[in-house]
Structure formats: structure tokens, C-alpha cells
file query-v7.pdb (PDB, C-alpha atoms)
ATOM      1  CA  MET Y1026     119.533 116.756 157.590  1.00  0.00           C
ATOM      2  CA  ARG Y1027     120.178 114.843 154.410  1.00  0.00           C
ATOM      3  CA  ILE Y1028     119.546 111.107 154.598  1.00  0.00           C
ATOM      4  CA  GLU Y1029     120.628 108.440 152.141  1.00  0.00           C
ATOM      5  CA  GLN Y1030     119.555 104.845 152.728  1.00  0.00           C
ATOM      6  CA  ILE Y1031     121.728 102.145 151.120  1.00  0.00           C
ATOM      7  CA  PRO Y1032     121.099  98.371 151.464  1.00  0.00           C
ATOM      8  CA  VAL Y1033     124.533  96.798 151.982  1.00  0.00           C
ATOM      9  CA  GLY Y1034     126.236  93.474 152.576  1.00  0.00           C
ATOM     10  CA  MET Y1035     125.100  89.876 152.510  1.00  0.00           C
ATOM     11  CA  MET Y1036     122.412  90.601 155.132  1.00  0.00           C
ATOM     12  CA  GLN Y1037     121.091  93.658 153.243  1.00  0.00           C
ATOM     13  CA  VAL Y1038     121.540  95.951 156.213  1.00  0.00           C
ATOM     14  CA  CYS Y1039     120.067  99.418 155.783  1.00  0.00           C
ATOM     15  CA  CYS Y1040     123.093 101.672 156.026  1.00  0.00           C
ATOM     16  CA  TYR Y1041     122.464 105.403 156.321  1.00  0.00           C
ATOM     17  CA  ILE Y1042     124.650 108.310 155.335  1.00  0.00           C
ATOM     18  CA  VAL Y1043     123.364 111.336 157.239  1.00  0.00           C
ATOM     19  CA  SER Y1044     124.866 114.743 156.669  1.00  0.00           C
ATOM     20  CA  CYS Y1045     124.573 118.426 157.448  1.00  0.00           C
ATOM     21  CA  GLU Y1046     123.521 120.420 154.407  1.00  0.00           C
ATOM     22  CA  GLU Y1047     125.403 123.537 155.551  1.00  0.00           C
ATOM     23  CA  THR Y1048     128.791 121.990 156.401  1.00  0.00           C
ATOM     24  CA  ASN Y1049     128.843 118.587 154.625  1.00  0.00           C
ATOM     25  CA  GLU Y1050     129.943 116.922 157.860  1.00  0.00           C
ATOM     26  CA  ALA Y1051     128.435 113.443 158.048  1.00  0.00           C
ATOM     27  CA  ALA Y1052     127.964 110.212 159.931  1.00  0.00           C
ATOM     28  CA  VAL Y1053     127.607 106.688 158.575  1.00  0.00           C
ATOM     29  CA  ILE Y1054     125.101 104.568 160.492  1.00  0.00           C
ATOM     30  CA  ASP Y1055     125.476 100.763 160.375  1.00  0.00           C
ATOM     31  CA  ALA Y1056     128.272 100.175 157.880  1.00  0.00           C
ATOM     32  CA  GLY Y1057     127.332  96.587 157.128  1.00  0.00           C
ATOM     33  CA  GLY Y1058     129.476  95.911 154.059  1.00  0.00           C
ATOM     34  CA  ASP Y1059     129.843  97.207 150.484  1.00  0.00           C
ATOM     35  CA  GLU Y1060     132.291  99.738 151.869  1.00  0.00           C
ATOM     36  CA  GLU Y1061     133.330 101.056 148.477  1.00  0.00           C
ATOM     37  CA  VAL Y1062     129.711 101.864 147.638  1.00  0.00           C
ATOM     38  CA  ILE Y1063     129.378 103.814 150.886  1.00  0.00           C
ATOM     39  CA  LEU Y1064     132.685 105.605 150.381  1.00  0.00           C
ATOM     40  CA  ASP Y1065     131.863 106.431 146.777  1.00  0.00           C
ATOM     41  CA  ARG Y1066     128.603 108.090 147.825  1.00  0.00           C
ATOM     42  CA  CYS Y1067     130.483 110.114 150.424  1.00  0.00           C
ATOM     43  CA  ARG Y1068     133.127 111.199 147.912  1.00  0.00           C
ATOM     44  CA  LYS Y1069     130.562 112.194 145.284  1.00  0.00           C
ATOM     45  CA  ASN Y1070     128.797 114.420 147.793  1.00  0.00           C
ATOM     46  CA  ASN Y1071     132.054 115.829 149.212  1.00  0.00           C
ATOM     47  CA  LEU Y1072     131.170 114.629 152.688  1.00  0.00           C
ATOM     48  CA  GLN Y1073     133.502 114.703 155.656  1.00  0.00           C
ATOM     49  CA  VAL Y1074     132.640 111.600 157.663  1.00  0.00           C
ATOM     50  CA  LYS Y1075     133.157 112.295 161.375  1.00  0.00           C
ATOM     51  CA  TYR Y1076     131.511 109.210 162.850  1.00  0.00           C
ATOM     52  CA  ILE Y1077     130.737 105.594 162.044  1.00  0.00           C
ATOM     53  CA  ILE Y1078     127.831 104.762 164.346  1.00  0.00           C
ATOM     54  CA  ALA Y1079     126.707 101.216 165.166  1.00  0.00           C
ATOM     55  CA  THR Y1080     123.111 100.932 166.360  1.00  0.00           C
ATOM     56  CA  HIS Y1081     124.338  97.638 167.853  1.00  0.00           C
ATOM     57  CA  GLY Y1082     127.379  95.387 167.674  1.00  0.00           C
ATOM     58  CA  HIS Y1083     126.210  92.466 165.537  1.00  0.00           C
ATOM     59  CA  PRO Y1084     128.742  91.681 162.796  1.00  0.00           C
ATOM     60  CA  ASP Y1085     126.354  92.380 159.919  1.00  0.00           C
ATOM     61  CA  HIS Y1086     126.085  95.987 161.132  1.00  0.00           C
ATOM     62  CA  VAL Y1087     129.774  96.657 161.848  1.00  0.00           C
ATOM     63  CA  CYS Y1088     131.723  94.588 159.307  1.00  0.00           C
ATOM     64  CA  GLY Y1089     132.470  97.658 157.178  1.00  0.00           C
ATOM     65  CA  ASN Y1090     133.763  99.787 160.019  1.00  0.00           C
ATOM     66  CA  ARG Y1091     137.466  99.078 159.571  1.00  0.00           C
ATOM     67  CA  ARG Y1092     137.652 100.011 155.899  1.00  0.00           C
ATOM     68  CA  ILE Y1093     135.620 103.173 156.308  1.00  0.00           C
ATOM     69  CA  LYS Y1094     137.625 104.242 159.358  1.00  0.00           C
ATOM     70  CA  GLU Y1095     140.890 103.681 157.463  1.00  0.00           C
ATOM     71  CA  GLU Y1096     139.666 105.783 154.556  1.00  0.00           C
ATOM     72  CA  THR Y1097     138.020 108.633 156.455  1.00  0.00           C
ATOM     73  CA  GLY Y1098     139.618 108.708 159.911  1.00  0.00           C
ATOM     74  CA  ALA Y1099     136.119 108.757 161.413  1.00  0.00           C
ATOM     75  CA  GLN Y1100     135.494 107.666 164.997  1.00  0.00           C
ATOM     76  CA  ILE Y1101     133.559 104.460 165.653  1.00  0.00           C
ATOM     77  CA  VAL Y1102     130.657 105.020 168.051  1.00  0.00           C
ATOM     78  CA  MET Y1103     128.765 102.358 170.021  1.00  0.00           C
ATOM     79  CA  HIS Y1104     126.635 102.223 173.153  1.00  0.00           C
ATOM     80  CA  LYS Y1105     128.774 101.410 176.167  1.00  0.00           C
ATOM     81  CA  GLU Y1106     126.803  98.219 176.973  1.00  0.00           C
ATOM     82  CA  ASP Y1107     127.540  96.765 173.532  1.00  0.00           C
ATOM     83  CA  GLY Y1108     131.121  97.968 173.776  1.00  0.00           C
ATOM     84  CA  VAL Y1109     131.541  95.748 176.828  1.00  0.00           C
ATOM     85  CA  PHE Y1110     129.390  92.855 175.621  1.00  0.00           C
ATOM     86  CA  PHE Y1111     130.940  92.472 172.171  1.00  0.00           C
ATOM     87  CA  GLY Y1112     134.409  92.874 173.616  1.00  0.00           C
ATOM     88  CA  GLN Y1113     134.103  89.573 175.467  1.00  0.00           C
ATOM     89  CA  PRO Y1114     136.116  86.761 173.800  1.00  0.00           C
ATOM     90  CA  GLU Y1115     133.297  84.221 174.078  1.00  0.00           C
ATOM     91  CA  VAL Y1116     130.867  86.608 172.379  1.00  0.00           C
ATOM     92  CA  ARG Y1117     133.346  87.414 169.598  1.00  0.00           C
ATOM     93  CA  ASN Y1118     133.953  83.692 169.080  1.00  0.00           C
ATOM     94  CA  TYR Y1119     130.224  82.986 168.845  1.00  0.00           C
ATOM     95  CA  PHE Y1120     129.604  85.612 166.172  1.00  0.00           C
ATOM     96  CA  SER Y1121     132.748  84.725 164.232  1.00  0.00           C
ATOM     97  CA  MET Y1122     130.688  81.885 162.725  1.00  0.00           C
ATOM     98  CA  LEU Y1123     129.176  84.440 160.351  1.00  0.00           C
ATOM     99  CA  GLY Y1124     132.581  84.880 158.736  1.00  0.00           C
ATOM    100  CA  LEU Y1125     132.338  88.671 158.628  1.00  0.00           C
ATOM    101  CA  PRO Y1126     135.240  91.032 159.401  1.00  0.00           C
ATOM    102  CA  GLU Y1127     135.443  92.281 162.984  1.00  0.00           C
ATOM    103  CA  SER Y1128     135.112  95.960 163.753  1.00  0.00           C
ATOM    104  CA  PRO Y1129     137.969  97.762 165.468  1.00  0.00           C
ATOM    105  CA  PRO Y1130     137.141  98.700 169.058  1.00  0.00           C
ATOM    106  CA  PRO Y1131     134.879 101.729 169.425  1.00  0.00           C
ATOM    107  CA  ASP Y1132     136.570 105.106 169.803  1.00  0.00           C
ATOM    108  CA  MET Y1133     133.584 106.604 171.575  1.00  0.00           C
ATOM    109  CA  LEU Y1134     131.086 104.977 173.941  1.00  0.00           C
ATOM    110  CA  VAL Y1135     127.725 106.648 174.467  1.00  0.00           C
ATOM    111  CA  GLU Y1136     124.781 106.322 176.839  1.00  0.00           C
ATOM    112  CA  ASP Y1137     121.085 107.107 176.773  1.00  0.00           C
ATOM    113  CA  GLY Y1138     120.517 110.835 176.273  1.00  0.00           C
ATOM    114  CA  ASP Y1139     123.942 111.566 174.804  1.00  0.00           C
ATOM    115  CA  THR Y1140     124.157 113.465 171.528  1.00  0.00           C
ATOM    116  CA  ILE Y1141     126.386 112.848 168.529  1.00  0.00           C
ATOM    117  CA  SER Y1142     126.978 116.071 166.596  1.00  0.00           C
ATOM    118  CA  PHE Y1143     128.153 116.664 163.050  1.00  0.00           C
ATOM    119  CA  GLY Y1144     127.956 120.086 161.505  1.00  0.00           C
ATOM    120  CA  ASN Y1145     124.719 121.716 162.645  1.00  0.00           C
ATOM    121  CA  GLU Y1146     122.974 118.393 163.166  1.00  0.00           C
ATOM    122  CA  GLN Y1147     122.873 116.059 166.112  1.00  0.00           C
ATOM    123  CA  LEU Y1148     121.537 112.596 166.876  1.00  0.00           C
ATOM    124  CA  ARG Y1149     120.191 111.859 170.350  1.00  0.00           C
ATOM    125  CA  VAL Y1150     120.915 108.388 171.690  1.00  0.00           C
ATOM    126  CA  ILE Y1151     117.911 106.368 172.875  1.00  0.00           C
ATOM    127  CA  HIS Y1152     119.057 103.175 174.596  1.00  0.00           C
ATOM    128  CA  THR Y1153     116.778 100.334 173.461  1.00  0.00           C
ATOM    129  CA  PRO Y1154     118.117  97.041 174.847  1.00  0.00           C
ATOM    130  CA  GLY Y1155     116.558  93.756 173.810  1.00  0.00           C
ATOM    131  CA  HIS Y1156     118.070  92.851 170.461  1.00  0.00           C
ATOM    132  CA  THR Y1157     121.458  93.372 172.131  1.00  0.00           C
ATOM    133  CA  PRO Y1158     122.319  94.789 175.577  1.00  0.00           C
ATOM    134  CA  GLY Y1159     123.479  98.077 174.074  1.00  0.00           C
ATOM    135  CA  GLY Y1160     121.088  98.420 171.174  1.00  0.00           C
ATOM    136  CA  MET Y1161     120.303 102.055 170.528  1.00  0.00           C
ATOM    137  CA  CYS Y1162     118.208 104.252 168.297  1.00  0.00           C
ATOM    138  CA  LEU Y1163     119.259 107.653 166.992  1.00  0.00           C
ATOM    139  CA  TYR Y1164     116.759 110.513 167.025  1.00  0.00           C
ATOM    140  CA  ASN Y1165     116.782 113.772 165.119  1.00  0.00           C
ATOM    141  CA  PRO Y1166     113.171 114.951 164.778  1.00  0.00           C
ATOM    142  CA  PRO Y1167     111.328 113.905 162.686  1.00  0.00           C
ATOM    143  CA  ASP Y1168     113.698 111.012 161.963  1.00  0.00           C
ATOM    144  CA  CYS Y1169     114.590 108.000 164.101  1.00  0.00           C
ATOM    145  CA  PHE Y1170     117.110 105.357 163.046  1.00  0.00           C
ATOM    146  CA  THR Y1171     115.937 102.235 164.836  1.00  0.00           C
ATOM    147  CA  GLY Y1172     118.538  99.622 163.873  1.00  0.00           C
ATOM    148  CA  ASP Y1173     117.257  96.131 164.638  1.00  0.00           C
ATOM    149  CA  THR Y1174     115.013  97.273 167.477  1.00  0.00           C
ATOM    150  CA  LEU Y1175     112.010  98.179 165.318  1.00  0.00           C
ATOM    151  CA  PHE Y1176     111.352  97.415 161.670  1.00  0.00           C
ATOM    152  CA  ALA Y1177     108.513  98.404 159.365  1.00  0.00           C
ATOM    153  CA  GLY Y1178     106.061  95.683 160.355  1.00  0.00           C
ATOM    154  CA  GLY Y1179     108.485  93.747 162.539  1.00  0.00           C
ATOM    155  CA  VAL Y1180     110.848  93.747 165.494  1.00  0.00           C
ATOM    156  CA  GLY Y1181     114.382  92.538 166.078  1.00  0.00           C
ATOM    157  CA  ARG Y1182     115.075  88.930 166.963  1.00  0.00           C
ATOM    158  CA  THR Y1183     116.056  88.085 170.519  1.00  0.00           C
ATOM    159  CA  ASP Y1184     117.446  84.554 170.235  1.00  0.00           C
ATOM    160  CA  PHE Y1185     121.111  85.557 169.907  1.00  0.00           C
ATOM    161  CA  PRO Y1186     123.339  85.885 172.985  1.00  0.00           C
ATOM    162  CA  GLY Y1187     122.462  89.028 174.894  1.00  0.00           C
ATOM    163  CA  GLY Y1188     118.920  89.169 173.518  1.00  0.00           C
ATOM    164  CA  SER Y1189     115.806  89.578 175.663  1.00  0.00           C
ATOM    165  CA  SER Y1190     112.256  89.612 174.295  1.00  0.00           C
ATOM    166  CA  TRP Y1191     110.779  91.402 177.307  1.00  0.00           C
ATOM    167  CA  GLU Y1192     113.479  94.082 177.242  1.00  0.00           C
ATOM    168  CA  LEU Y1193     112.894  94.609 173.525  1.00  0.00           C
ATOM    169  CA  MET Y1194     109.144  95.052 173.964  1.00  0.00           C
ATOM    170  CA  ASP Y1195     109.665  97.422 176.893  1.00  0.00           C
ATOM    171  CA  SER Y1196     112.177  99.426 174.855  1.00  0.00           C
ATOM    172  CA  ILE Y1197     109.796  99.822 171.942  1.00  0.00           C
ATOM    173  CA  ARG Y1198     106.720 100.678 173.998  1.00  0.00           C
ATOM    174  CA  ASP Y1199     108.405 102.851 176.639  1.00  0.00           C
ATOM    175  CA  ARG Y1200     111.126 104.577 174.606  1.00  0.00           C
ATOM    176  CA  LEU Y1201     109.994 104.656 170.977  1.00  0.00           C
ATOM    177  CA  PHE Y1202     106.205 104.739 171.075  1.00  0.00           C
ATOM    178  CA  VAL Y1203     106.392 107.872 173.258  1.00  0.00           C
ATOM    179  CA  LEU Y1204     107.874 109.767 170.287  1.00  0.00           C
ATOM    180  CA  PRO Y1205     105.487 111.814 168.103  1.00  0.00           C
ATOM    181  CA  PRO Y1206     103.337 109.579 165.857  1.00  0.00           C
ATOM    182  CA  ASP Y1207     104.688 111.189 162.683  1.00  0.00           C
ATOM    183  CA  THR Y1208     108.290 110.293 163.604  1.00  0.00           C
ATOM    184  CA  ILE Y1209     109.847 108.528 160.611  1.00  0.00           C
ATOM    185  CA  VAL Y1210     111.189 105.059 161.398  1.00  0.00           C
ATOM    186  CA  TRP Y1211     114.337 104.221 159.437  1.00  0.00           C
ATOM    187  CA  PRO Y1212     114.956 100.510 160.180  1.00  0.00           C
ATOM    188  CA  GLY Y1213     118.094  98.399 160.161  1.00  0.00           C
ATOM    189  CA  HIS Y1214     116.691  95.992 157.575  1.00  0.00           C
ATOM    190  CA  GLY Y1215     114.000  96.311 154.937  1.00  0.00           C
ATOM    191  CA  TYR Y1216     111.496  93.937 156.510  1.00  0.00           C
ATOM    192  CA  GLY Y1217     108.082  95.068 155.270  1.00  0.00           C
ATOM    193  CA  GLY Y1218     109.498  98.167 153.584  1.00  0.00           C
ATOM    194  CA  SER Y1219     112.325 100.644 153.884  1.00  0.00           C
ATOM    195  CA  LYS Y1220     110.669 103.060 156.315  1.00  0.00           C
ATOM    196  CA  SER Y1221     107.556 103.617 158.395  1.00  0.00           C
ATOM    197  CA  THR Y1222     106.303 105.906 161.174  1.00  0.00           C
ATOM    198  CA  ILE Y1223     105.963 105.483 164.919  1.00  0.00           C
ATOM    199  CA  GLY Y1224     102.210 105.953 164.609  1.00  0.00           C
ATOM    200  CA  GLU Y1225     101.896 103.258 161.960  1.00  0.00           C
ATOM    201  CA  GLU Y1226     103.937 100.756 163.965  1.00  0.00           C
ATOM    202  CA  ALA Y1227     101.976 101.477 167.149  1.00  0.00           C
ATOM    203  CA  ARG Y1228      98.728 100.853 165.257  1.00  0.00           C
ATOM    204  CA  SER Y1229      99.546  97.891 163.078  1.00  0.00           C
ATOM    205  CA  ASN Y1230     102.845  96.147 163.857  1.00  0.00           C
ATOM    206  CA  PRO Y1231     101.716  92.510 164.263  1.00  0.00           C
ATOM    207  CA  PHE Y1232     104.440  91.766 166.827  1.00  0.00           C
ATOM    208  CA  LEU Y1233     103.249  94.553 169.112  1.00  0.00           C
ATOM    209  CA  ASN Y1234      99.471  94.345 168.854  1.00  0.00           C
TER     210      ASN Y1234
END

call {"tool": "encode", "arguments": {"input": "query-v7.pdb", "output": "C-alpha cells"}}
result
Amino acid sequence: MRIEQIPVGMMQVCCYIVSCEETNEAAVIDAGGDEEVILDRCRKNNLQVKYIIATHGHPDHVCGNRRIKEETGAQIVMHKEDGVFFGQPEVRNYFSMLGLPESPPPDMLVEDGDTISFGNEQLRVIHTPGHTPGGMCLYNPPDCFTGDTLFAGGVGRTDFPGGSSWELMDSIRDRLFVLPPDTIVWPGHGYGGSKSTIGEEARSNPFLN
């Protein structure tokens, strides 16, 4: 699986373009702005974007969804818990303070254990609530896209609506730290670096030790 990491938007979200080398089918993970940069990379590599996947529904991770969907016809994918949570008017109103464009509603809702396939590749959904109710990570050994659940040297904040510090810690310890130690952690922001490993975070992440 080819992986391209691109920092995008005012919050410098780590967006990922992941693609199948044999078929050029692709998915965009966390389209958090700078849509033309993302689309240009896809065009240059002749990629057919099938999915726009949100690791969670916070505006800084989904604000580019509309433009990329309009251009590519890709389906927007979100965990079903975030699909419900971020569909509530009071939640949308709260996050509108960031002034970022809203995402269209998801076309596809997924749950823990589901797979998202493109070409000969697939991403397995790992539900990791805590940062948001429907936060999820995406696993294709040896790679794991951890959104704002786990960073390199940090963890996601839990003080926004829908956050829970104990759920986040349980998610990381029970659902991520059980993965092989050499699993590559691709985080949702560049806190402490642009990538890490599960083994490194289990040993040295100051928020977890």
C-alpha cells in the first residue's frame, strides 16, 4: 500500500492518501483542508479516489470533504457513532465556532471490525472512542492510522463535547497496544513527529506511562 502524508489546513491535520499499487484505487483519510493540494497529488498519480474516510467528525478533519467528494465522486465514510453524534444540531452549532466548512453527511457508516476496501488493499476499522464517541483507527498491517486517538508522544484531547479521558485510555491500551509492537503509527497531527510505532508509544508516551 502506498502512503502519502500531507499536513493540511489551519490545524495542520495529517491527511493521508493511501492507494493500491496494482489498481491505483485510493482513499483519502482526514481531508482537513488544502483540498486542491490533495486533489493535485491524486491527479498526478492517476488515482481513483473511492473513499474519503474521517477518523472522527471534528471539523478540522472533515472540512475538505465536500470539495473532494464533488471532484472525485468518492463516498464519505465515518464511524456510525460519530455519524449520529455530529449530526445533532447542538453539536454542529458548537463546532461551527471554528468557522470551517461542514462536511456533507456520510455515505457509509462503519463499525468496529468492518473493512474498507480499495483495489487489493483494505483498512480494518478499530473503534477507539474517547476523543469523540465514534473515533476510529484504520489498520492495514504494518500501518495504523490513529487520527486523534494516539499521536507520536501524545494523545487526543478529551475536553470537547463527546470526549472521555477514561474511554480514550481504555481504547489505546485495550485496542491499539495489543497490535504488534512494530506497527507504524500514523497520527492525525504531527505532535512529537510525523509517525511512531506502537512499541515506542507503549514504552515512552508520557501520557500513558

call {"tool": "resolve_selection", "arguments": {"input": "query-v7.pdb", "expression": "the PyMOL selection byres ((chain Y and resi 1094) around 10)", "output": "list in words"}}
result
Val1074, Lys1075, Tyr1076, Ile1077, Gly1089, Asn1090, Arg1091, Arg1092, Ile1093, Glu1095, Glu1096, Thr1097, Gly1098, Ala1099, Gln1100, Ile1101, Ser1128 and Pro1129 of chain Y

call {"tool": "resolve_selection", "arguments": {"input": "query-v7.pdb", "expression": "the PyMOL selection byres ((chain Y and resi 1180-1186) around 12)", "output": "ChimeraX atom specification"}}
result
/Y:1081-1083,1107,1110-1111,1113,1115-1120,1153-1158,1160,1171-1179,1187-1194,1196-1198,1212-1217,1226-1227,1230-1234

call {"tool": "closest_residue", "arguments": {"input": "query-v7.pdb", "among": "Y:Val1102, Y:Cys1169, Y:Val1203, Y:Val1062", "to": "Y:Glu1136", "atoms": "only C-alpha atoms"}}
result
Y:Val1102

call {"tool": "resolve_selection", "arguments": {"input": "query-v7.pdb", "expression": "the PyMOL selection byres ((chain Y and resi 1088) around 7)", "output": "ChimeraX atom specification"}}
result
/Y:1056-1058,1084-1087,1089-1090,1125-1128

call {"tool": "closest_atom_pairs", "arguments": {"input": "query-v7.pdb", "of": "stretch 1136-1169 of chain Y", "to": "stretch 1219-1225 of chain Y", "cutoff": "12 Å", "atoms": "only C-alpha atoms", "output": "Markdown table"}}
result
| residue | atom | partner | partner_atom | distance |
| --- | --- | --- | --- | --- |
| Y:Pro1166 | CA | Y:Ile1223 | CA | 11.9 |
| Y:Pro1167 | CA | Y:Thr1222 | CA | 9.6 |
| Y:Asp1168 | CA | Y:Thr1222 | CA | 9.0 |
| Y:Cys1169 | CA | Y:Ile1223 | CA | 9.0 |
